[in-house]
2 protein chains.
Amino acid sequence: MSKGAPKLSDVARMAGVSPATASRALSTPAQVRPETRAKVDDAARLLGYVPHGAARALASQRSRTIGAVIPTLDNAIFANSVNALQRSLAESGYTLLLGSHGYDPAVELEVTRALIERGVDGIVFVGTDHDPQLYRMLATFRIPYVLTWSLDPSGHHPCIGFNNREAAMQVTRFLLDLGHRNFAVISGLTAHNDRARDRVAGVRDALRARGLDLTPQAVIERPYSFASGQEGMRELLKRALRPSAVVCINDVLAVGAIIECRAEGLDIPRDVSITGFDDMEIAAQLAPGLTTMRLPTVDLGRSAAAYLLDRLAGREVAPSTELPVQLVVRGSTAPPRSRSAGRK
Amino acid sequence: MSKGAPKLSDVARMAGVSPATASRALSTPAQVRPETRAKVDDAARLLGYVPHGAARALASQRSRTIGAVIPTLDNAIFANSVNALQRSLAESGYTLLLGSHGYDPAVELEVTRALIERGVDGIVFVGTDHDPQLYRMLATFRIPYVLTWSLDPSGHHPCIGFNNREAAMQVTRFLLDLGHRNFAVISGLTAHNDRARDRVAGVRDALRARGLDLTPQAVIERPYSFASGQEGMRELLKRALRPSAVVCINDVLAVGAIIECRAEGLDIPRDVSITGFDDMEIAAQLAPGLTTMRLPTVDLGRSAAAYLLDRLAGREVAPSTELPVQLVVRGSTAPPRSRSAGRK
DNA sequence: TTGTAAGCGTTATCAA
DNA sequence: TTGATAACGCTTACAA
């Protein structure tokens with residue numbers, strides 16, 4: 001019963017070998033004779049040896065730790081991909097260090113600094129909107145990183161994500177093809193959020209391509225929440241010209257909008273069509289079903305892990321990967337028959 | 001432009017002091033003359049110095065890092081409290097190391113080992129169901145920890161949580177008082193999940209206290225998901241004697257159950273009453289509104305952080321804290337008037 | 001294949 | 001108040 005945690009030298013002594021050999025037996029088993037390896041393994045097990053990560057990191061200059069800097073875990077959709085990321089990393093013996101910033105660039109910088117200080121071997125970020133200082137820090141410390149959810153238009157940064165603009169255009173074209181002409185958008189806050197901006201821009205561009213305008217008043221911006229979706233919809237329903245199609249930038253907002261319509265006794269889609277984004281689980285369950293863009297969030301987490309692990313292992317990596325999105329059509333989203341039906 | 005990250009000795013040289021002084025100036029400013037402190041601070045800022053966490057941890061035997069071991073981030077409700085935990089820790093200069101185990105005790109042990117290896121100063125766990133080996137490991141390495149979400153019946157472990165059994169009893173008594181007599185439960189998987197077990201037990205106990213039985217067939221167990229709630233409800237609706245009250249152990253299951261009822265054209269609560277647990281955001285928005293137990297999940301995260309930080313700072317701490325829950329009544333959950341209306 | 005020994009970048013002890 | 005100097009526990013040349 002010696003006090004304190006057993007260290008490598010304890011294991012070595014018990015196995016009758018030098019600390020160096022014990023280290024090799026545990027870290028690079030191939031470099032050690034099977035018999036000695038067995039002795040060391042036994043001793044380690046008997047003592048309940050757990051390597052001291054800080055010492056190991058100091059000596060080897062690697063921490064087997066990856067950082068993730070995300071806006072918030074409150075959004076189920078981020079939680080989902082962070083979950084996938086964490087599980088992928090764990091499979092390769094890596095641990096996830098988590099930081100969130102609540103959409104505040106200053107906090108993001110601070111959080112990133114904290115992760116670097118903890119010696120993360122690599123960092124996963126969300127989106128492309130970041131303080132230039134952040135990129136400078138990453139360069140100074142030579143930290144591999146990858147941006148996720150979006151594609152970097154500048155091409156300067158490795159990224160794994162979706163073409164949010166194109167995806168939004170796709171939804172919009174789908175609605176246009178159904179005959180909708182009167183659009184509104186319910187968006188998350190676009191400040192420091194390129195995903196939301198790109199999606200709104202996608203709707204606008206798709207409309208413009210058909211000679212339609214998306215006026216600023218037709219875009220409602222609110223923090224992500226069911227309540228926001230409801231408020232946004234309420235706002236839209238007050239207007240003289242009620243939109244026939246409401247493109248929500250996110251399923252949470254869409255569900256909120258649907259709830260508000262129901263509360264107002266409106267029929268979906270006869271009175272108004274609503275689409276979402278992300279394909280959260282609830283989108284599939286809702287009656288009449290929510291038409292939405294499916295984003296492979298689990299793939300996203302896994303790919304981000306794979307990218308960093310490959311880089312750390314010195315393997316070849318693609319500098320940028322676009323993940324496919326898919327329009328999931330559920331329920332009918334046809335517009336009213338008569339063109340004037342949109343009027344109150 | 002020297003290559004690589006600047007180190008303490010670089011800062012010291014630039015400031016014209018010894019590394020020891022530079023260290024003190026940065027870590028314990030009070031022990032250093034204001035002028036020297038200023039010199040060191042300036043040098044550090046100029047060089048963009050970021051302390052090397054591993055070296056610091058090795059020398060000081062503290063990592064300023066807290067681990068969290070959770071079942072999954074897929075459940076919005078865990079994501080929520082982890083978010084709060086992370087933010088509270090960040091405020092005190094601590095970083096969160098995250099591990100999830102998908103309700104597998106073996107994985108949980110492994111994940112915990114990984115966190116200890118990373119040198120976490122403390123660990124937050126969920127629930128009381130853990131491998132005895134896990135507690136042994138914590139003792140060996142003298143790691144402060146706290147169990148959350150539940151209260152430890154043995155009183156051996158520090159915990160911050162809810163009385164899940166009593167909370168479930170409260171919901172059940174509420175339904176009993178409304179006149180319900182025919183109950184069913186839709187639960188999450190109870191293996192390795194004391195929260196789910198306690199809640200089911202609470203329903204059973206409350207019924208028994210009024211001379212009613214909750215038969216094993218009246219309890220449906222499924223993984224947490226909207227789809228599970230639907231399936232569970234479908235299953236219950238097939239039965240000869242349809243329950244008038246369905247107690248769901250979680251809002252996600254409850255929403256699924258509601259969706260299924262709607263799809264079947266059933267009226268809530270005329271045909272069947274449904275209650276949830278957790279008070280997720282969507283519960284408030286749904287029409288006719290979900291009656292549920294509100295759990296202070298943000299408080300939970302914050303309290304867990306406070307507990308560990310207090311312990312690490314050598315401050316006094318309460319060994320166990322029960323957080324209050326609150327029944328939130330929404331919509332009418334009255335039973336059918338006639339006792340026979342429950343029949344198909 | 002194994003052992004020796006020199007770090008890795010801090011903090012902490014002890015003198016000055 | 002400051003400066004040497006010895007840890008902290010491990011990895012990794014280099015030698016044997």
# chains A, B, ... in the order shown; residues from 1 in each chain; ligands from 1
$ interface_residues --of "chain B" --to "chain A" --cutoff "7 Å" --atoms "only C-alpha atoms" --output "PyMOL selection string"
chain B and resi 4-5+50-55+57-58+72-74+76+79-80+83+96-98+117-119+140-141+226+259+282+286
$ residues_around --residues "DT4 (chain C)" --least-positions-apart "2" --cutoff "10 Å" --atoms "only C-alpha atoms (C1' of nucleotides)" --output "list in words"
Ser18 and Ala20 of chain A; DA6 of chain C; DC14, DA15 and DA16 of chain D
$ write_last_selection --atoms "C-alpha atoms (C1' of nucleotides)" --output "short mmCIF file (atom, residue, chain, number, x, y, z; two decimals), in the first residue's frame"
data_model
loop_
_atom_site.label_atom_id
_atom_site.label_comp_id
_atom_site.auth_asym_id
_atom_site.auth_seq_id
_atom_site.Cartn_x
_atom_site.Cartn_y
_atom_site.Cartn_z
CA SER A 18 14.36 0.06 -16.80
CA ALA A 20 12.70 3.31 -20.66
"C1'" DA C 6 19.15 14.26 -21.21
"C1'" DC D 14 22.15 7.34 -28.25
"C1'" DA D 15 24.90 3.60 -26.57
"C1'" DA D 16 25.49 -0.87 -25.27
#
$ atom_distance --atom1 "CA of Cys248 (chain B)" --atom2 "CA of Thr128 (chain B)"
21.3 Å
$ select_by_dssp --residues "region 6-131 of chain B" --states "strand (DSSP E or B)" --output "list in words"
Thr65, Ile66, Gly67, Ala68, Val69, Ile70, Thr95, Leu96, Leu97, Leu98, Gly99, Ser100, Gly122, Ile123, Val124, Phe125 and Val126 of chain B
$ interface_residues --of "chain D" --to "chain A" --cutoff "10 Å" --atoms "only C-alpha atoms (C1' of nucleotides)" --output "PyMOL selection string"
chain D and resi 8-12
$ residues_around --residues "Ala15 (chain A)" --least-positions-apart "3" --cutoff "9 Å" --atoms "only C-alpha atoms (C1' of nucleotides)" --output "list in words"
Asp10, Val11, Ala12, Ser18, Ala22, Thr36, Lys39, Val40, Asp41, Asp42, Ala43 and Ala44 of chain A
$ write_last_selection --atoms "C-alpha atoms" --output "mmCIF file, in the first residue's frame"
data_model
loop_
_atom_site.group_PDB
_atom_site.id
_atom_site.type_symbol
_atom_site.label_atom_id
_atom_site.label_comp_id
_atom_site.auth_asym_id
_atom_site.auth_seq_id
_atom_site.Cartn_x
_atom_site.Cartn_y
_atom_site.Cartn_z
ATOM 1 C CA ASP A 10 7.116 1.708 -10.012
ATOM 2 C CA VAL A 11 5.945 -0.410 -12.889
ATOM 3 C CA ALA A 12 9.507 -0.743 -14.181
ATOM 4 C CA SER A 18 14.356 0.064 -16.796
ATOM 5 C CA ALA A 22 8.587 0.012 -19.440
ATOM 6 C CA THR A 36 9.295 -8.323 -21.291
ATOM 7 C CA LYS A 39 6.042 -8.605 -17.516
ATOM 8 C CA VAL A 40 5.486 -4.899 -17.867
ATOM 9 C CA ASP A 41 1.823 -5.287 -18.743
ATOM 10 C CA ASP A 42 1.288 -7.468 -15.699
ATOM 11 C CA ALA A 43 3.020 -5.044 -13.405
ATOM 12 C CA ALA A 44 1.024 -2.133 -14.836
#
$ interface_residues --of "chain C" --to "chain B" --cutoff "10 Å" --atoms "only C-alpha atoms (C1' of nucleotides)" --output "mmCIF file with C-alpha atoms (C1' of nucleotides), in the first residue's frame"
data_model
loop_
_atom_site.group_PDB
_atom_site.id
_atom_site.type_symbol
_atom_site.label_atom_id
_atom_site.label_comp_id
_atom_site.auth_asym_id
_atom_site.auth_seq_id
_atom_site.Cartn_x
_atom_site.Cartn_y
_atom_site.Cartn_z
ATOM 1 C "C1'" DC C 8 10.267 18.765 -22.031
ATOM 2 C "C1'" DG C 9 8.509 24.000 -19.607
ATOM 3 C "C1'" DT C 10 6.861 24.934 -15.465
ATOM 4 C "C1'" DT C 11 6.603 25.548 -10.260
ATOM 5 C "C1'" DA C 12 8.491 25.364 -5.680
#
$ residues_around --residues "Phe277 (chain A)" --least-positions-apart "4" --cutoff "7 Å" --atoms "only C-alpha atoms (C1' of nucleotides)" --output "list in words"
Cys248, Ile249, Asn250, Asp251, Thr292, Met293 and Arg294 of chain A
$ residues_around --residues "Ser273 (chain B)" --least-positions-apart "5" --cutoff "7 Å" --atoms "only C-alpha atoms (C1' of nucleotides)" --output "VMD selection string"
chain B and resid 244 to 246 268 333 335
$ write_last_selection --atoms "N, CA and C atoms" --output "PDB file, in the first residue's frame"
ATOM      1  N   SER B 244     -55.907   5.578 -19.305  1.00  0.00           N
ATOM      2  CA  SER B 244     -56.406   6.952 -19.423  1.00  0.00           C
ATOM      3  C   SER B 244     -55.278   7.945 -19.157  1.00  0.00           C
ATOM      4  N   ALA B 245     -54.240   7.475 -18.467  1.00  0.00           N
ATOM      5  CA  ALA B 245     -53.092   8.343 -18.192  1.00  0.00           C
ATOM      6  C   ALA B 245     -51.802   7.627 -18.554  1.00  0.00           C
ATOM      7  N   VAL B 246     -50.987   8.292 -19.359  1.00  0.00           N
ATOM      8  CA  VAL B 246     -49.694   7.723 -19.733  1.00  0.00           C
ATOM      9  C   VAL B 246     -48.607   8.641 -19.184  1.00  0.00           C
ATOM     10  N   ILE B 268     -56.557  14.618 -26.879  1.00  0.00           N
ATOM     11  CA  ILE B 268     -55.879  14.721 -25.595  1.00  0.00           C
ATOM     12  C   ILE B 268     -56.469  15.911 -24.863  1.00  0.00           C
ATOM     13  N   THR B 333     -55.536  17.838 -18.120  1.00  0.00           N
ATOM     14  CA  THR B 333     -55.183  16.426 -18.154  1.00  0.00           C
ATOM     15  C   THR B 333     -56.239  15.606 -17.445  1.00  0.00           C
ATOM     16  N   PRO B 335     -59.371  13.198 -16.738  1.00  0.00           N
ATOM     17  CA  PRO B 335     -59.718  11.891 -17.309  1.00  0.00           C
ATOM     18  C   PRO B 335     -61.102  11.960 -17.934  1.00  0.00           C
TER      19      PRO B 335
END
$ residues_around --residues "DA4 (chain D)" --least-positions-apart "2" --cutoff "12 Å" --atoms "only C-alpha atoms (C1' of nucleotides)" --output "number ranges by chain"
B: 18-21; C: 13-16; D: 2, 6
